[in-house]
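A.B. asks: Pasting structure_37.cif below, which is mmCIF, C-alpha atoms.
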data_input
loop_
_atom_site.group_PDB
_atom_site.id
_atom_site.type_symbol
_atom_site.label_atom_id
_atom_site.label_comp_id
_atom_site.auth_asym_id
_atom_site.auth_seq_id
_atom_site.Cartn_x
_atom_site.Cartn_y
_atom_site.Cartn_z
ATOM 1 C CA MET D 1 0.000 0.000 0.000
ATOM 2 C CA ALA D 2 1.335 3.417 -0.959
ATOM 3 C CA ARG D 3 2.435 5.599 1.903
ATOM 4 C CA PRO D 4 0.546 8.895 2.300
ATOM 5 C CA ASP D 5 2.450 11.999 1.300
ATOM 6 C CA TYR D 6 2.534 13.679 4.697
ATOM 7 C CA ALA D 7 4.570 16.567 3.350
ATOM 8 C CA ASP D 8 1.703 17.517 1.066
ATOM 9 C CA MET D 9 -1.015 17.401 3.731
ATOM 10 C CA PRO D 10 -0.424 20.858 5.283
ATOM 11 C CA ARG D 11 -0.628 22.451 1.856
ATOM 12 C CA ARG D 12 -3.886 20.650 1.117
ATOM 13 C CA ARG D 13 -5.349 21.749 4.440
ATOM 14 C CA LYS D 14 -4.225 25.285 3.718
ATOM 15 C CA ASN D 15 -5.934 25.280 0.318
ATOM 16 C CA GLY D 16 -9.128 23.880 1.808
ATOM 17 C CA GLY D 17 -9.122 26.560 4.478
ATOM 18 C CA GLY D 18 -8.353 29.170 1.840
ATOM 19 C CA CYS D 19 -11.376 28.137 -0.224
ATOM 20 C CA MET D 20 -13.653 28.385 2.801
ATOM 21 C CA MET D 21 -12.285 31.803 3.687
ATOM 22 C CA ALA D 22 -12.642 32.876 0.040
ATOM 23 C CA LEU D 23 -16.324 31.927 0.083
ATOM 24 C CA ILE D 24 -16.843 33.922 3.258
ATOM 25 C CA VAL D 25 -15.037 37.006 1.894
ATOM 26 C CA ALA D 26 -16.810 36.822 -1.472
ATOM 27 C CA GLY D 27 -20.189 36.296 0.183
ATOM 28 C CA PHE D 28 -19.689 39.251 2.504
ATOM 29 C CA ALA D 29 -18.590 41.491 -0.401
ATOM 30 C CA ILE D 30 -21.616 40.550 -2.506
ATOM 31 C CA PHE D 31 -24.043 40.802 0.433
ATOM 32 C CA SER D 32 -22.685 44.239 1.362
ATOM 33 C CA TYR D 33 -22.935 45.471 -2.216
ATOM 34 C CA LEU D 34 -26.478 44.190 -2.734
ATOM 35 C CA GLY D 35 -27.490 45.675 0.605
ATOM 36 C CA SER D 36 -26.167 49.146 -0.178
ATOM 37 C CA SER D 37 -29.214 50.330 -2.154
ATOM 38 C CA GLN D 38 -30.484 53.865 -1.593
ATOM 39 C CA THR D 39 -33.017 55.986 -3.456
ATOM 40 C CA ASN D 40 -31.489 58.924 -5.305
ATOM 41 C CA PRO D 41 -33.094 62.071 -3.812
ATOM 42 C CA VAL D 42 -33.277 63.791 -7.221
ATOM 43 C CA THR D 43 -33.916 61.060 -9.796
ATOM 44 C CA GLY D 44 -35.867 58.677 -7.537
ATOM 45 C CA GLU D 45 -33.845 55.759 -8.887
ATOM 46 C CA SER D 46 -32.477 52.977 -6.689
ATOM 47 C CA GLN D 47 -28.666 52.988 -6.570
ATOM 48 C CA ARG D 48 -26.000 50.940 -4.839
ATOM 49 C CA VAL D 49 -23.820 53.485 -3.079
ATOM 50 C CA ALA D 50 -21.221 53.343 -0.328
ATOM 51 C CA MET D 51 -22.319 56.355 1.759
ATOM 52 C CA THR D 52 -25.155 58.696 2.680
ATOM 53 C CA THR D 53 -25.589 62.138 1.115
ATOM 54 C CA ASP D 54 -24.339 63.745 4.343
ATOM 55 C CA GLN D 55 -21.212 61.583 4.179
ATOM 56 C CA GLU D 56 -20.704 62.622 0.552
ATOM 57 C CA ILE D 57 -20.829 66.294 1.536
ATOM 58 C CA ALA D 58 -18.383 65.754 4.408
ATOM 59 C CA MET D 59 -15.969 63.805 2.222
ATOM 60 C CA GLY D 60 -16.050 66.442 -0.513
ATOM 61 C CA LEU D 61 -15.385 69.282 1.913
ATOM 62 C CA GLN D 62 -12.512 67.367 3.496
ATOM 63 C CA ALA D 63 -10.892 66.494 0.173
ATOM 64 C CA ALA D 64 -11.373 69.869 -1.539
ATOM 65 C CA PRO D 65 -8.251 71.672 -0.192
ATOM 66 C CA GLU D 66 -5.889 68.865 -1.206
ATOM 67 C CA MET D 67 -7.469 68.499 -4.633
ATOM 68 C CA ALA D 68 -7.153 72.237 -5.200
ATOM 69 C CA ARG D 69 -3.499 72.144 -4.114
ATOM 70 C CA GLN D 70 -2.722 69.518 -6.764
ATOM 71 C CA PHE D 71 -3.831 71.989 -9.449
ATOM 72 C CA GLY D 72 -2.020 75.061 -8.160
ATOM 73 C CA GLY D 73 -4.621 76.049 -5.592
ATOM 74 C CA ALA D 74 -7.943 77.846 -5.845
ATOM 75 C CA VAL D 75 -7.805 81.453 -7.033
ATOM 76 C CA SER D 76 -10.002 84.490 -6.464
ATOM 77 C CA GLY D 77 -10.777 87.472 -8.657
ATOM 78 C CA PRO D 78 -13.207 88.249 -11.511
ATOM 79 C CA ASP D 79 -12.778 84.931 -13.324
ATOM 80 C CA ALA D 80 -13.341 82.923 -10.161
ATOM 81 C CA ALA D 81 -16.396 85.039 -9.372
ATOM 82 C CA MET D 82 -17.726 84.390 -12.884
ATOM 83 C CA VAL D 83 -17.324 80.633 -12.442
ATOM 84 C CA ALA D 84 -19.077 80.702 -9.070
ATOM 85 C CA SER D 85 -21.854 82.934 -10.385
ATOM 86 C CA MET D 86 -22.490 80.688 -13.376
ATOM 87 C CA GLY D 87 -22.562 77.543 -11.259
ATOM 88 C CA GLU D 88 -24.919 79.077 -8.707
ATOM 89 C CA PHE D 89 -27.177 80.333 -11.509
ATOM 90 C CA ILE D 90 -27.464 76.854 -13.022
ATOM 91 C CA VAL D 91 -28.266 75.273 -9.659
ATOM 92 C CA ARG D 92 -30.804 77.955 -8.815
ATOM 93 C CA ASN D 93 -32.634 77.666 -12.136
ATOM 94 C CA SER D 94 -32.643 73.921 -12.770
ATOM 95 C CA THR D 95 -33.468 70.519 -11.355
ATOM 96 C CA ALA D 96 -30.204 70.720 -9.419
ATOM 97 C CA LYS D 97 -31.846 73.004 -6.858
ATOM 98 C CA SER D 98 -33.712 69.989 -5.449
ATOM 99 C CA ALA D 99 -30.468 68.134 -4.707
ATOM 100 C CA PRO D 100 -29.461 67.903 -1.023
ATOM 101 C CA TYR D 101 -25.911 69.054 -1.745
ATOM 102 C CA GLU D 102 -23.879 72.153 -0.984
ATOM 103 C CA PHE D 103 -22.679 73.123 -4.442
ATOM 104 C CA GLU D 104 -19.565 75.299 -4.522
ATOM 105 C CA PHE D 105 -17.612 76.234 -7.635
ATOM 106 C CA HIS D 106 -13.876 76.862 -7.714
ATOM 107 C CA LEU D 107 -11.365 78.126 -10.280
ATOM 108 C CA LEU D 108 -7.925 76.482 -10.069
ATOM 109 C CA ALA D 109 -4.650 78.195 -10.976
ATOM 110 C CA ASP D 110 -3.333 75.406 -13.246
ATOM 111 C CA ARG D 111 -2.815 76.775 -16.788
ATOM 112 C CA LYS D 112 -1.473 73.510 -18.236
ATOM 113 C CA THR D 113 -4.014 70.856 -17.304
ATOM 114 C CA VAL D 114 -7.271 71.091 -19.250
ATOM 115 C CA ASN D 115 -9.673 69.684 -16.697
ATOM 116 C CA ALA D 116 -12.834 70.048 -14.663
ATOM 117 C CA PHE D 117 -14.035 67.661 -11.978
ATOM 118 C CA ALA D 118 -16.491 67.220 -9.138
ATOM 119 C CA LEU D 119 -16.033 65.790 -5.674
ATOM 120 C CA PRO D 120 -18.882 63.997 -3.928
ATOM 121 C CA GLY D 121 -21.280 66.347 -2.229
ATOM 122 C CA GLY D 122 -21.003 69.299 -4.614
ATOM 123 C CA GLN D 123 -17.448 70.670 -4.672
ATOM 124 C CA ILE D 124 -16.811 71.503 -8.344
ATOM 125 C CA PHE D 125 -13.563 72.677 -9.961
ATOM 126 C CA ILE D 126 -12.372 73.975 -13.324
ATOM 127 C CA THR D 127 -8.773 74.796 -14.234
ATOM 128 C CA ARG D 128 -7.673 78.037 -15.860
ATOM 129 C CA ALA D 129 -6.292 75.936 -18.704
ATOM 130 C CA LEU D 130 -9.822 74.861 -19.605
ATOM 131 C CA LEU D 131 -11.586 78.119 -18.748
ATOM 132 C CA GLU D 132 -9.277 80.118 -21.009
ATOM 133 C CA ARG D 133 -10.127 77.847 -23.938
ATOM 134 C CA LEU D 134 -13.884 78.327 -23.571
ATOM 135 C CA GLN D 135 -15.397 80.835 -25.966
ATOM 136 C CA THR D 136 -18.966 81.396 -24.734
ATOM 137 C CA GLU D 137 -21.037 81.476 -21.556
ATOM 138 C CA GLY D 138 -22.872 78.425 -22.848
ATOM 139 C CA GLN D 139 -19.668 76.399 -22.982
ATOM 140 C CA LEU D 140 -18.929 77.227 -19.348
ATOM 141 C CA ALA D 141 -22.517 76.321 -18.475
ATOM 142 C CA GLY D 142 -22.009 73.003 -20.259
ATOM 143 C CA VAL D 143 -18.836 72.179 -18.325
ATOM 144 C CA LEU D 144 -20.374 73.035 -14.961
ATOM 145 C CA GLY D 145 -23.676 71.342 -15.835
ATOM 146 C CA HIS D 146 -21.791 68.163 -16.675
ATOM 147 C CA GLU D 147 -19.987 68.228 -13.319
ATOM 148 C CA ILE D 148 -23.228 68.944 -11.462
ATOM 149 C CA GLY D 149 -24.591 65.844 -13.174
ATOM 150 C CA HIS D 150 -21.835 63.715 -11.614
ATOM 151 C CA VAL D 151 -22.898 64.948 -8.175
ATOM 152 C CA ILE D 152 -26.633 64.458 -8.764
ATOM 153 C CA GLU D 153 -26.088 60.932 -10.060
ATOM 154 C CA ARG D 154 -23.876 60.133 -7.060
ATOM 155 C CA HIS D 155 -21.222 58.641 -9.333
ATOM 156 C CA SER D 156 -18.464 58.813 -6.715
ATOM 157 C CA ALA D 157 -20.549 56.919 -4.153
ATOM 158 C CA GLU D 158 -21.495 54.328 -6.779
ATOM 159 C CA HIS D 159 -17.883 53.940 -7.815
ATOM 160 C CA MET D 160 -16.771 53.404 -4.217
ATOM 161 C CA ALA D 161 -19.375 50.684 -3.731
ATOM 162 C CA LYS D 162 -18.215 48.927 -6.910
ATOM 163 C CA GLN D 163 -14.579 49.200 -5.881
ATOM 164 C CA GLN D 164 -15.347 47.667 -2.487
ATOM 165 C CA LEU D 165 -17.087 44.780 -4.248
ATOM 166 C CA THR D 166 -14.164 44.357 -6.647
ATOM 167 C CA GLN D 167 -11.627 44.400 -3.813
ATOM 168 C CA GLY D 168 -13.615 41.794 -1.902
ATOM 169 C CA LEU D 169 -13.873 39.451 -4.891
ATOM 170 C CA THR D 170 -10.191 39.962 -5.743
ATOM 171 C CA THR D 171 -9.219 39.003 -2.204
ATOM 172 C CA ALA D 172 -11.466 35.949 -2.449
ATOM 173 C CA ALA D 173 -9.787 34.916 -5.712
ATOM 174 C CA VAL D 174 -6.343 35.093 -4.106
ATOM 175 C CA LEU D 175 -7.467 33.059 -1.098
ATOM 176 C CA ALA D 176 -9.136 30.406 -3.232
ATOM 177 C CA SER D 177 -6.243 29.925 -5.654
ATOM 178 C CA ASP D 178 -3.342 30.492 -3.262
ATOM 179 C CA SER D 179 -1.735 32.097 -6.329
ATOM 180 C CA ALA D 180 -0.386 35.607 -6.617
ATOM 181 C CA THR D 181 -0.743 35.406 -10.419
ATOM 182 C CA ALA D 182 -4.452 34.668 -10.196
ATOM 183 C CA GLY D 183 -4.857 37.563 -7.808
ATOM 184 C CA MET D 184 -3.137 39.932 -10.212
ATOM 185 C CA VAL D 185 -5.397 38.799 -13.048
ATOM 186 C CA ALA D 186 -8.501 39.251 -10.911
ATOM 187 C CA GLN D 187 -7.382 42.726 -9.895
ATOM 188 C CA ALA D 188 -6.679 43.721 -13.505
ATOM 189 C CA VAL D 189 -10.115 42.536 -14.593
ATOM 190 C CA GLY D 190 -11.701 44.478 -11.757
ATOM 191 C CA GLN D 191 -9.902 47.649 -12.766
ATOM 192 C CA VAL D 192 -11.114 47.371 -16.356
ATOM 193 C CA VAL D 193 -14.689 46.795 -15.188
ATOM 194 C CA ASN D 194 -14.557 49.907 -13.042
ATOM 195 C CA MET D 195 -13.037 51.898 -15.914
ATOM 196 C CA ARG D 196 -15.995 51.017 -18.106
ATOM 197 C CA TYR D 197 -18.412 52.156 -15.446
ATOM 198 C CA GLY D 198 -16.488 55.430 -15.357
ATOM 199 C CA ARG D 199 -16.981 56.034 -19.069
ATOM 200 C CA GLU D 200 -20.717 55.412 -18.786
ATOM 201 C CA ASP D 201 -20.791 57.927 -15.944
ATOM 202 C CA GLU D 202 -19.270 60.528 -18.263
ATOM 203 C CA LEU D 203 -21.899 59.945 -20.931
ATOM 204 C CA GLU D 204 -24.658 60.108 -18.329
ATOM 205 C CA SER D 205 -23.274 63.407 -17.061
ATOM 206 C CA ASP D 206 -23.213 64.764 -20.621
ATOM 207 C CA GLU D 207 -26.945 64.085 -20.713
ATOM 208 C CA TRP D 208 -27.334 66.014 -17.473
ATOM 209 C CA GLY D 209 -25.275 68.816 -18.948
ATOM 210 C CA VAL D 210 -27.761 69.100 -21.831
ATOM 211 C CA ARG D 211 -30.729 69.080 -19.481
ATOM 212 C CA LEU D 212 -29.383 71.598 -16.978
ATOM 213 C CA MET D 213 -28.202 73.943 -19.715
ATOM 214 C CA VAL D 214 -31.657 74.177 -21.282
ATOM 215 C CA GLU D 215 -33.361 74.530 -17.904
ATOM 216 C CA SER D 216 -31.095 77.475 -17.081
ATOM 217 C CA GLY D 217 -31.457 79.110 -20.491
ATOM 218 C CA TYR D 218 -28.348 77.979 -22.412
ATOM 219 C CA ASP D 219 -28.083 76.290 -25.789
ATOM 220 C CA PRO D 220 -26.913 72.695 -25.192
ATOM 221 C CA ARG D 221 -25.148 72.667 -28.551
ATOM 222 C CA ALA D 222 -22.444 74.690 -26.816
ATOM 223 C CA LEU D 223 -21.466 71.437 -25.122
ATOM 224 C CA ILE D 224 -20.443 70.120 -28.540
ATOM 225 C CA GLY D 225 -17.939 72.969 -28.718
ATOM 226 C CA VAL D 226 -16.559 71.888 -25.354
ATOM 227 C CA MET D 227 -15.996 68.374 -26.702
ATOM 228 C CA LYS D 228 -14.059 69.787 -29.647
ATOM 229 C CA ILE D 229 -11.888 71.777 -27.236
ATOM 230 C CA LEU D 230 -11.211 68.624 -25.200
ATOM 231 C CA GLU D 231 -10.431 66.675 -28.363
ATOM 232 C CA GLU D 232 -7.913 69.286 -29.448
ATOM 233 C CA ALA D 233 -6.351 69.390 -25.977
ATOM 234 C CA SER D 234 -5.936 65.598 -25.963
ATOM 235 C CA GLY D 235 -4.033 65.648 -29.241
ATOM 236 C CA GLY D 236 -6.936 64.782 -31.488
ATOM 237 C CA GLY D 237 -8.350 62.007 -29.334
ATOM 238 C CA ASN D 238 -5.909 59.360 -30.584
ATOM 239 C CA ARG D 239 -5.598 57.492 -27.282
ATOM 240 C CA PRO D 240 -7.331 54.084 -27.219
ATOM 241 C CA GLU D 241 -10.807 54.664 -25.851
ATOM 242 C CA PHE D 242 -11.147 51.304 -24.116
ATOM 243 C CA MET D 243 -8.370 51.969 -21.610
ATOM 244 C CA SER D 244 -9.415 55.516 -20.864
ATOM 245 C CA THR D 245 -11.650 56.694 -18.041
ATOM 246 C CA HIS D 246 -13.301 59.142 -20.460
ATOM 247 C CA PRO D 247 -14.982 58.360 -23.779
ATOM 248 C CA ASN D 248 -13.451 59.714 -26.945
ATOM 249 C CA PRO D 249 -14.701 63.318 -27.357
ATOM 250 C CA GLY D 250 -15.818 62.541 -30.908
ATOM 251 C CA ASN D 251 -18.072 59.745 -29.637
ATOM 252 C CA ARG D 252 -19.418 62.031 -26.928
ATOM 253 C CA ILE D 253 -20.409 64.573 -29.573
ATOM 254 C CA GLU D 254 -22.611 61.993 -31.286
ATOM 255 C CA ARG D 255 -24.227 61.053 -27.980
ATOM 256 C CA ILE D 256 -24.863 64.709 -27.156
ATOM 257 C CA LYS D 257 -26.529 65.221 -30.542
ATOM 258 C CA GLU D 258 -28.674 62.135 -29.931
ATOM 259 C CA THR D 259 -29.643 63.386 -26.479
ATOM 260 C CA ILE D 260 -30.675 66.783 -27.839
ATOM 261 C CA ALA D 261 -32.701 65.215 -30.652
ATOM 262 C CA THR D 262 -34.425 62.774 -28.297
ATOM 263 C CA SER D 263 -35.113 65.293 -25.542
ATOM 264 C CA PHE D 264 -36.360 67.995 -27.890
ATOM 265 C CA PRO D 265 -37.981 66.257 -30.890
ATOM 266 C CA ASP D 266 -39.809 69.471 -31.865
ATOM 267 C CA GLY D 267 -36.646 71.559 -31.652
ATOM 268 C CA LEU D 268 -34.910 73.484 -28.887
ATOM 269 C CA PRO D 269 -36.716 76.331 -27.103
ATOM 270 C CA GLU D 270 -36.157 79.777 -28.588
ATOM 271 C CA GLY D 271 -33.991 82.411 -26.944
ATOM 272 C CA LEU D 272 -31.321 80.129 -25.498
ATOM 273 C CA LYS D 273 -27.919 81.755 -24.915
ATOM 274 C CA PRO D 274 -25.028 80.330 -26.965
#
Output the file's structure as structure tokens, nothing else.
C.D. replies:
Amino acid sequence: MARPDYADMPRRRKNGGGCMMALIVAGFAIFSYLGSSQTNPVTGESQRVAMTTDQEIAMGLQAAPEMARQFGGAVSGPDAAMVASMGEFIVRNSTAKSAPYEFEFHLLADRKTVNAFALPGGQIFITRALLERLQTEGQLAGVLGHEIGHVIERHSAEHMAKQQLTQGLTTAAVLASDSATAGMVAQAVGQVVNMRYGREDELESDEWGVRLMVESGYDPRALIGVMKILEEASGGGNRPEFMSTHPNPGNRIERIKETIATSFPDGLPEGLKP
């Protein structure tokens, strides 16, 4: 009778224990994600998010100074006042006024990075590099309306919930396989999944940009001009779209045109500012 391979038994026990622990970790991650549903206070839709609206506001306020520092700091003066005034006008005259957030709009000193972004809870930023490329009030309204859309849709809170799920499943994969290579593959797949969610968020926020612009009296076609500015700033949009957190500006233009046509089948209201 063959002798048992005692040297292999500890490894087998370890793998068995790893599989059980993997099931526990994966189950907890999935249960937590499925149990994180909240009703969006503006859209009424059910979303899986990682925090309350009050926590979003607190996180945004806490992170704002450091984010501003990374782009040369927030500046004051006429241009900053114009940005704040435009943002406040859009919020005051659109669906955004029903959101439970403390919207604040900041101009950043950075003249090299063409960018605008929103933190959870309503802290919104635009760099000088982007502002100085904009040609009309409507284009600024489009940029800020897009960022307001990120806040309304709670994209940051959704992203955090998805990342927590991904991290939990990645950990479970490592425990189950006892293989660092498998863990790296699982993590890479998770990152790509989250990237794709990010691009859909951008397209959804473009739709909000169109809506908020019209509600506040601006022509949403100005947002198409913004996309052309972004395309030029990115070197013609030649980067592969799949591995980018933002859709190709050219593709966004087509989606914006579709949104306008669908939302206003009889044509845009008269008297909108360009």
A.B. asks: Going by the chain IDs and residue numbers used in this file, which residues fall under the PyMOL selection byres ((chain D and resi 154) around 10)? Write them as a compact mmCIF listing (two decimals) with C-alpha atoms, keeping the file's coordinate frame.
C.D. replies:
# COMPACT_ATOMS: atom_id res chain seq x y z
CA ASN D 40 -31.49 58.92 -5.30
CA PRO D 41 -33.09 62.07 -3.81
CA GLN D 47 -28.67 52.99 -6.57
CA ARG D 48 -26.00 50.94 -4.84
CA VAL D 49 -23.82 53.48 -3.08
CA ALA D 50 -21.22 53.34 -0.33
CA MET D 51 -22.32 56.36 1.76
CA THR D 52 -25.16 58.70 2.68
CA THR D 53 -25.59 62.14 1.12
CA GLU D 56 -20.70 62.62 0.55
CA LEU D 119 -16.03 65.79 -5.67
CA PRO D 120 -18.88 64.00 -3.93
CA GLY D 121 -21.28 66.35 -2.23
CA GLY D 122 -21.00 69.30 -4.61
CA ILE D 148 -23.23 68.94 -11.46
CA GLY D 149 -24.59 65.84 -13.17
CA HIS D 150 -21.84 63.72 -11.61
CA VAL D 151 -22.90 64.95 -8.18
CA ILE D 152 -26.63 64.46 -8.76
CA GLU D 153 -26.09 60.93 -10.06
CA HIS D 155 -21.22 58.64 -9.33
CA SER D 156 -18.46 58.81 -6.72
CA ALA D 157 -20.55 56.92 -4.15
CA GLU D 158 -21.50 54.33 -6.78
CA HIS D 159 -17.88 53.94 -7.82
CA ASP D 201 -20.79 57.93 -15.94
A.B. asks: Evaluating the PyMOL selection byres ((chain D and resi 254) around 12) on the displayed file yields which residues, as a list in words?
C.D. replies: Leu203, Asp206, Glu207, Arg221, Leu223, Ile224, Met227, Lys228, Pro247, Asn248, Pro249, Gly250, Asn251, Arg252, Ile253, Arg255, Ile256, Lys257, Glu258, Thr259, Ile260 and Ala261 of chain D
A.B. asks: Do you know which residues are at most 12 Å from Glu137 in chain D counting only C-alpha atoms, after dropping those on the same chain fewer than 6 positions away, and could you put them as a list of chain:residue names?
C.D. replies: D:Met82, D:Val83, D:Ser85, D:Met86, D:Gly87, D:Phe89, D:Ile90, D:Leu131, D:Val143, D:Leu144, D:Gly145, D:Met213, D:Ser216, D:Gly217, D:Tyr218, D:Asp219, D:Pro220, D:Arg221, D:Ala222, D:Leu223, D:Gly225, D:Val226, D:Leu272, D:Lys273, D:Pro274
A.B. asks: How many Å lie between CA of Glu104 in chain D and CA of Glu88 in chain D, rounded to one decimal?
C.D. replies: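 Distance between the two atoms: 7.8 Å.
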A.B. asks: Return the single residue from D:Gly235, D:Gly209, D:Thr113, D:Gln38 that is closest to Gln139 in chain D, with distances computed using only C-alpha atoms.
C.D. replies: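 Among D:Gly235, D:Gly209, D:Thr113, D:Gln38, it is D:Gly209 that comes nearest to Gln139 in chain D.
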A.B. asks: Here is a test: counting all atoms listed in the file, which residue of D:Leu140, D:Thr95, D:Met67, D:Ser37 is nearest to Gln123 in chain D?
C.D. replies: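 Between D:Leu140, D:Thr95, D:Met67, D:Ser37, the residue approaching Gln123 in chain D most closely is D:Met67.
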A.B. asks: What does the structure give for the distance between CA of Gln55 in chain D and CA of Tyr101 in chain D, in Å to one decimal?
C.D. replies: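 For CA of Gln55 in chain D relative to CA of Tyr101 in chain D, the distance reads 10.6 Å.
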A.B. asks: How many Å separate CA of Gln135 in chain D from CA of Ala233 in chain D?
C.D. replies: 14.6 Å
A.B. asks: Would you mind telling me which residue in D:Arg92, D:Arg111, D:Ile124, D:Thr262 lies nearest to Pro65 in chain D when using all atoms listed in the file?
C.D. replies: D:Ile124
A.B. asks: For the structure shown, which residues end up in the PyMOL selection byres ((chain D and resi 110) around 7)? Put them as JSON, numbers by chain, please?
C.D. replies: {"D": [71, 72, 108, 109, 111, 112, 113, 127, 128, 129]}
A.B. asks: Between D:Leu134, D:Leu107, D:Leu212, D:Ala118, single out the one closest to Ala84 in chain D, counting all atoms listed in the file.
C.D. replies: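 Smallest separation from Ala84 in chain D among the options: D:Leu107.
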